[in-house]
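Shown next: final.cif, given as mmCIF, C-alpha atoms.
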```
data_target
loop_
_atom_site.group_PDB
_atom_site.id
_atom_site.type_symbol
_atom_site.label_atom_id
_atom_site.label_comp_id
_atom_site.auth_asym_id
_atom_site.auth_seq_id
_atom_site.Cartn_x
_atom_site.Cartn_y
_atom_site.Cartn_z
ATOM 1 C CA MET A 1201 -62.472 1.856 -39.166
ATOM 2 C CA SER A 1202 -59.701 2.487 -41.699
ATOM 3 C CA ASN A 1203 -58.524 0.345 -44.612
ATOM 4 C CA GLY A 1204 -54.924 1.142 -43.706
ATOM 5 C CA PRO A 1205 -52.648 4.142 -43.766
ATOM 6 C CA LEU A 1206 -53.252 6.877 -46.316
ATOM 7 C CA LYS A 1207 -51.034 6.735 -49.389
ATOM 8 C CA SER A 1208 -49.058 9.751 -50.558
ATOM 9 C CA PRO A 1209 -49.993 10.496 -54.186
ATOM 10 C CA GLY A 1210 -46.764 12.478 -54.609
ATOM 11 C CA LEU A 1211 -44.611 9.631 -53.362
ATOM 12 C CA ALA A 1212 -46.466 7.175 -55.594
ATOM 13 C CA ALA A 1213 -45.780 9.393 -58.628
ATOM 14 C CA VAL A 1214 -42.103 9.845 -57.712
ATOM 15 C CA LEU A 1215 -41.633 6.107 -57.246
ATOM 16 C CA SER A 1216 -43.160 5.513 -60.679
ATOM 17 C CA ALA A 1217 -40.875 8.183 -62.112
ATOM 18 C CA LEU A 1218 -37.860 6.356 -60.685
ATOM 19 C CA TRP A 1219 -38.998 2.909 -61.844
ATOM 20 C CA CYS A 1220 -42.161 2.374 -63.835
ATOM 21 C CA GLY A 1221 -44.560 0.243 -61.792
ATOM 22 C CA LEU A 1222 -43.000 0.975 -58.413
ATOM 23 C CA GLY A 1223 -45.714 3.509 -57.555
ATOM 24 C CA GLN A 1224 -48.397 0.910 -58.253
ATOM 25 C CA ILE A 1225 -46.614 -1.561 -55.966
ATOM 26 C CA TYR A 1226 -46.451 1.137 -53.255
ATOM 27 C CA ASN A 1227 -50.221 1.555 -53.656
ATOM 28 C CA GLY A 1228 -50.679 -2.173 -53.074
ATOM 29 C CA GLN A 1229 -51.386 -3.031 -56.717
ATOM 30 C CA ILE A 1230 -48.647 -5.646 -56.995
ATOM 31 C CA GLY A 1231 -49.866 -7.351 -60.167
ATOM 32 C CA LYS A 1232 -50.412 -4.075 -61.968
ATOM 33 C CA GLY A 1233 -46.959 -2.836 -60.933
ATOM 34 C CA ILE A 1234 -45.258 -5.980 -62.194
ATOM 35 C CA ALA A 1235 -47.219 -5.747 -65.451
ATOM 36 C CA PHE A 1236 -46.064 -2.130 -65.888
ATOM 37 C CA MET A 1237 -42.449 -3.231 -65.306
ATOM 38 C CA ILE A 1238 -42.721 -6.018 -67.886
ATOM 39 C CA ILE A 1239 -44.327 -3.696 -70.430
ATOM 40 C CA GLN A 1240 -41.604 -1.112 -69.853
ATOM 41 C CA PHE A 1241 -38.918 -3.765 -70.357
ATOM 42 C CA ILE A 1242 -40.541 -4.682 -73.678
ATOM 43 C CA ASN A 1243 -40.666 -0.975 -74.583
ATOM 44 C CA ALA A 1244 -36.933 -0.719 -73.877
ATOM 45 C CA LEU A 1245 -36.336 -3.597 -76.290
ATOM 46 C CA LEU A 1246 -38.578 -1.898 -78.853
ATOM 47 C CA MET A 1247 -36.156 1.036 -78.920
ATOM 48 C CA PHE A 1248 -34.046 -1.085 -81.260
ATOM 49 C CA ILE A 1249 -36.785 -0.739 -83.872
ATOM 50 C CA ILE A 1250 -37.517 2.951 -83.129
ATOM 51 C CA ILE A 1251 -41.129 2.518 -81.903
ATOM 52 C CA GLY A 1252 -39.829 2.198 -78.339
ATOM 53 C CA PHE A 1253 -38.815 5.854 -78.414
ATOM 54 C CA ILE A 1254 -42.534 6.634 -78.558
ATOM 55 C CA THR A 1255 -43.974 3.886 -76.359
ATOM 56 C CA TYR A 1256 -41.381 4.087 -73.545
ATOM 57 C CA PRO A 1257 -42.049 7.705 -72.502
ATOM 58 C CA LEU A 1258 -45.805 7.285 -72.970
ATOM 59 C CA MET A 1259 -45.862 4.298 -70.614
ATOM 60 C CA TRP A 1260 -43.554 6.096 -68.157
ATOM 61 C CA ILE A 1261 -45.859 9.132 -67.995
ATOM 62 C CA TRP A 1262 -48.971 6.953 -67.802
ATOM 63 C CA GLY A 1263 -47.418 5.001 -64.913
ATOM 64 C CA MET A 1264 -46.784 8.197 -62.937
ATOM 65 C CA VAL A 1265 -50.256 9.615 -63.567
ATOM 66 C CA ASP A 1266 -51.932 6.297 -62.776
ATOM 67 C CA ALA A 1267 -49.995 5.861 -59.507
ATOM 68 C CA TYR A 1268 -50.917 9.406 -58.429
ATOM 69 C CA ARG A 1269 -54.594 9.024 -59.270
ATOM 70 C CA GLN A 1270 -54.888 5.585 -57.690
ATOM 71 C CA ALA A 1271 -53.325 6.844 -54.438
ATOM 72 C CA GLU A 1272 -55.827 9.719 -54.398
ATOM 73 C CA GLN A 1273 -58.723 7.322 -55.017
ATOM 74 C CA MET A 1274 -57.530 4.984 -52.269
ATOM 75 C CA ASN A 1275 -57.355 7.917 -49.838
ATOM 76 C CA ILE A 1276 -60.866 9.115 -50.763
ATOM 77 C CA ARG A 1277 -62.270 5.622 -50.236
ATOM 78 C CA SER A 1278 -60.395 5.229 -46.976
ATOM 79 C CA THR A 1279 -61.611 8.539 -45.562
ATOM 80 C CA ALA A 1280 -65.180 7.841 -46.768
ATOM 81 C CA VAL A 1281 -65.157 4.606 -44.760
ATOM 82 C CA ASP A 1282 -63.925 6.508 -41.693
ATOM 83 C CA ASP A 1283 -66.834 8.965 -41.802
#
```

Reformat the file's structure so that it appears as structure tokens.
Amino acid sequence: MSNGPLKSPGLAAVLSALWCGLGQIYNGQIGKGIAFMIIQFINALLMFIIIGFITYPLMWIWGMVDAYRQAEQMNIRSTAVDD
């Protein structure tokens, strides 16, 4: 019995690269994805006071890594249930 289709970690990372939080939404983590989008919007505003130039890319990279890792974890849990 499966928890649903397997998620592609690569696709999750690419979606987060295109739009921060989109990979989390693809993984089914809607709230987390929306939170990432809001945080990234705030980071874009923070670019006006320089700190955004540090926080924006950090959040962007973290979003991609998190989406990739979460998709992998979901797949491991899904295949463990199948066994």

Separation of CA of Phe1236 in chain A and CA of Trp1262 in chain A, in Å? 9.7 Å

Translate the PyMOL selection byres ((chain A and resi 1240) around 9) into a concrete residue list for this structure, as a PyMOL selection string. chain A and resi 1220-1221+1235-1239+1241-1245+1255-1256+1259-1260

If I take CA of Arg1269 in chain A and CA of Ala1217 in chain A, how far is one from the other in Å, to one decimal? 14.0 Å

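Of note, CA of Gln1229 in chain A and CA of Ala1267 in chain A are spaced 9.4 Å apart.
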
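The shortest atom-to-atom distance to Gly1223 in chain A, with all atoms listed in the file taken into account, belongs to A:Leu1211 out of A:Leu1258, A:Met1274, A:Leu1211, A:Leu1206.
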
List the residues matched by the PyMOL selection byres ((chain A and resi 1227) around 12) in the displayed structure as a short mmCIF file (atom, residue, chain, number, x, y, z; two decimals) with C-alpha atoms, in the frame of the given file, ordered by chain and then by residue number.
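Contents of out.cif, as written:
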```cif
data_model
loop_
_atom_site.label_atom_id
_atom_site.label_comp_id
_atom_site.auth_asym_id
_atom_site.auth_seq_id
_atom_site.Cartn_x
_atom_site.Cartn_y
_atom_site.Cartn_z
CA GLY A 1204 -54.92 1.14 -43.71
CA PRO A 1205 -52.65 4.14 -43.77
CA LEU A 1206 -53.25 6.88 -46.32
CA LYS A 1207 -51.03 6.74 -49.39
CA SER A 1208 -49.06 9.75 -50.56
CA PRO A 1209 -49.99 10.50 -54.19
CA GLY A 1210 -46.76 12.48 -54.61
CA LEU A 1211 -44.61 9.63 -53.36
CA ALA A 1212 -46.47 7.18 -55.59
CA ALA A 1213 -45.78 9.39 -58.63
CA LEU A 1215 -41.63 6.11 -57.25
CA SER A 1216 -43.16 5.51 -60.68
CA GLY A 1221 -44.56 0.24 -61.79
CA LEU A 1222 -43.00 0.98 -58.41
CA GLY A 1223 -45.71 3.51 -57.56
CA GLN A 1224 -48.40 0.91 -58.25
CA ILE A 1225 -46.61 -1.56 -55.97
CA TYR A 1226 -46.45 1.14 -53.26
CA GLY A 1228 -50.68 -2.17 -53.07
CA GLN A 1229 -51.39 -3.03 -56.72
CA ILE A 1230 -48.65 -5.65 -57.00
CA GLY A 1231 -49.87 -7.35 -60.17
CA LYS A 1232 -50.41 -4.08 -61.97
CA GLY A 1233 -46.96 -2.84 -60.93
CA MET A 1264 -46.78 8.20 -62.94
CA ASP A 1266 -51.93 6.30 -62.78
CA ALA A 1267 -50.00 5.86 -59.51
CA TYR A 1268 -50.92 9.41 -58.43
CA ARG A 1269 -54.59 9.02 -59.27
CA GLN A 1270 -54.89 5.58 -57.69
CA ALA A 1271 -53.32 6.84 -54.44
CA GLU A 1272 -55.83 9.72 -54.40
CA GLN A 1273 -58.72 7.32 -55.02
CA MET A 1274 -57.53 4.98 -52.27
CA ASN A 1275 -57.36 7.92 -49.84
#
```

Assuming the input is short of atoms at range 1230-1255 of chain A, produce N, CA and C atoms for that part as a compact mmCIF listing (two decimals), in the frame of the given file.
```txt
# COMPACT_ATOMS: atom_id res chain seq x y z
N ILE A 1230 -49.86 -4.89 -56.65
CA ILE A 1230 -48.65 -5.65 -57.00
C ILE A 1230 -48.69 -6.16 -58.43
N GLY A 1231 -49.76 -6.80 -58.81
CA GLY A 1231 -49.87 -7.35 -60.17
C GLY A 1231 -49.77 -6.28 -61.24
N LYS A 1232 -50.45 -5.18 -61.01
CA LYS A 1232 -50.41 -4.08 -61.97
C LYS A 1232 -49.00 -3.50 -62.06
N GLY A 1233 -48.33 -3.37 -60.93
CA GLY A 1233 -46.96 -2.84 -60.93
C GLY A 1233 -46.00 -3.74 -61.69
N ILE A 1234 -46.12 -5.03 -61.48
CA ILE A 1234 -45.26 -5.98 -62.19
C ILE A 1234 -45.56 -5.95 -63.69
N ALA A 1235 -46.85 -5.84 -64.03
CA ALA A 1235 -47.22 -5.75 -65.45
C ALA A 1235 -46.62 -4.49 -66.09
N PHE A 1236 -46.66 -3.36 -65.37
CA PHE A 1236 -46.06 -2.13 -65.89
C PHE A 1236 -44.56 -2.32 -66.11
N MET A 1237 -43.89 -3.00 -65.17
CA MET A 1237 -42.45 -3.23 -65.31
C MET A 1237 -42.14 -4.10 -66.52
N ILE A 1238 -42.93 -5.14 -66.73
CA ILE A 1238 -42.72 -6.02 -67.89
C ILE A 1238 -42.96 -5.26 -69.19
N ILE A 1239 -44.03 -4.48 -69.23
CA ILE A 1239 -44.33 -3.70 -70.43
C ILE A 1239 -43.20 -2.71 -70.70
N GLN A 1240 -42.68 -2.09 -69.66
CA GLN A 1240 -41.60 -1.11 -69.85
C GLN A 1240 -40.32 -1.80 -70.33
N PHE A 1241 -40.07 -3.01 -69.87
CA PHE A 1241 -38.92 -3.76 -70.36
C PHE A 1241 -39.07 -4.05 -71.85
N ILE A 1242 -40.27 -4.44 -72.25
CA ILE A 1242 -40.54 -4.68 -73.68
C ILE A 1242 -40.36 -3.39 -74.47
N ASN A 1243 -40.84 -2.27 -73.91
CA ASN A 1243 -40.67 -0.98 -74.58
C ASN A 1243 -39.19 -0.62 -74.76
N ALA A 1244 -38.37 -0.97 -73.76
CA ALA A 1244 -36.93 -0.72 -73.88
C ALA A 1244 -36.35 -1.53 -75.03
N LEU A 1245 -36.80 -2.78 -75.17
CA LEU A 1245 -36.34 -3.60 -76.29
C LEU A 1245 -36.82 -3.04 -77.63
N LEU A 1246 -38.02 -2.46 -77.62
CA LEU A 1246 -38.58 -1.90 -78.85
C LEU A 1246 -37.81 -0.66 -79.33
N MET A 1247 -36.96 -0.11 -78.49
CA MET A 1247 -36.16 1.04 -78.92
C MET A 1247 -35.22 0.65 -80.06
N PHE A 1248 -34.90 -0.64 -80.17
CA PHE A 1248 -34.05 -1.08 -81.26
C PHE A 1248 -34.74 -0.96 -82.62
N ILE A 1249 -36.06 -0.92 -82.61
CA ILE A 1249 -36.78 -0.74 -83.87
C ILE A 1249 -37.57 0.58 -83.87
N ILE A 1250 -37.05 1.56 -83.16
CA ILE A 1250 -37.52 2.95 -83.13
C ILE A 1250 -38.84 3.16 -82.39
N ILE A 1251 -39.82 2.28 -82.51
CA ILE A 1251 -41.13 2.52 -81.90
C ILE A 1251 -41.03 2.68 -80.39
N GLY A 1252 -40.03 2.09 -79.77
CA GLY A 1252 -39.83 2.20 -78.34
C GLY A 1252 -39.58 3.62 -77.88
N PHE A 1253 -39.05 4.45 -78.77
CA PHE A 1253 -38.82 5.85 -78.41
C PHE A 1253 -40.13 6.61 -78.24
N ILE A 1254 -41.21 6.05 -78.74
CA ILE A 1254 -42.53 6.63 -78.56
C ILE A 1254 -43.25 5.95 -77.39
N THR A 1255 -43.21 4.62 -77.37
CA THR A 1255 -43.97 3.89 -76.36
C THR A 1255 -43.36 3.97 -74.96
```
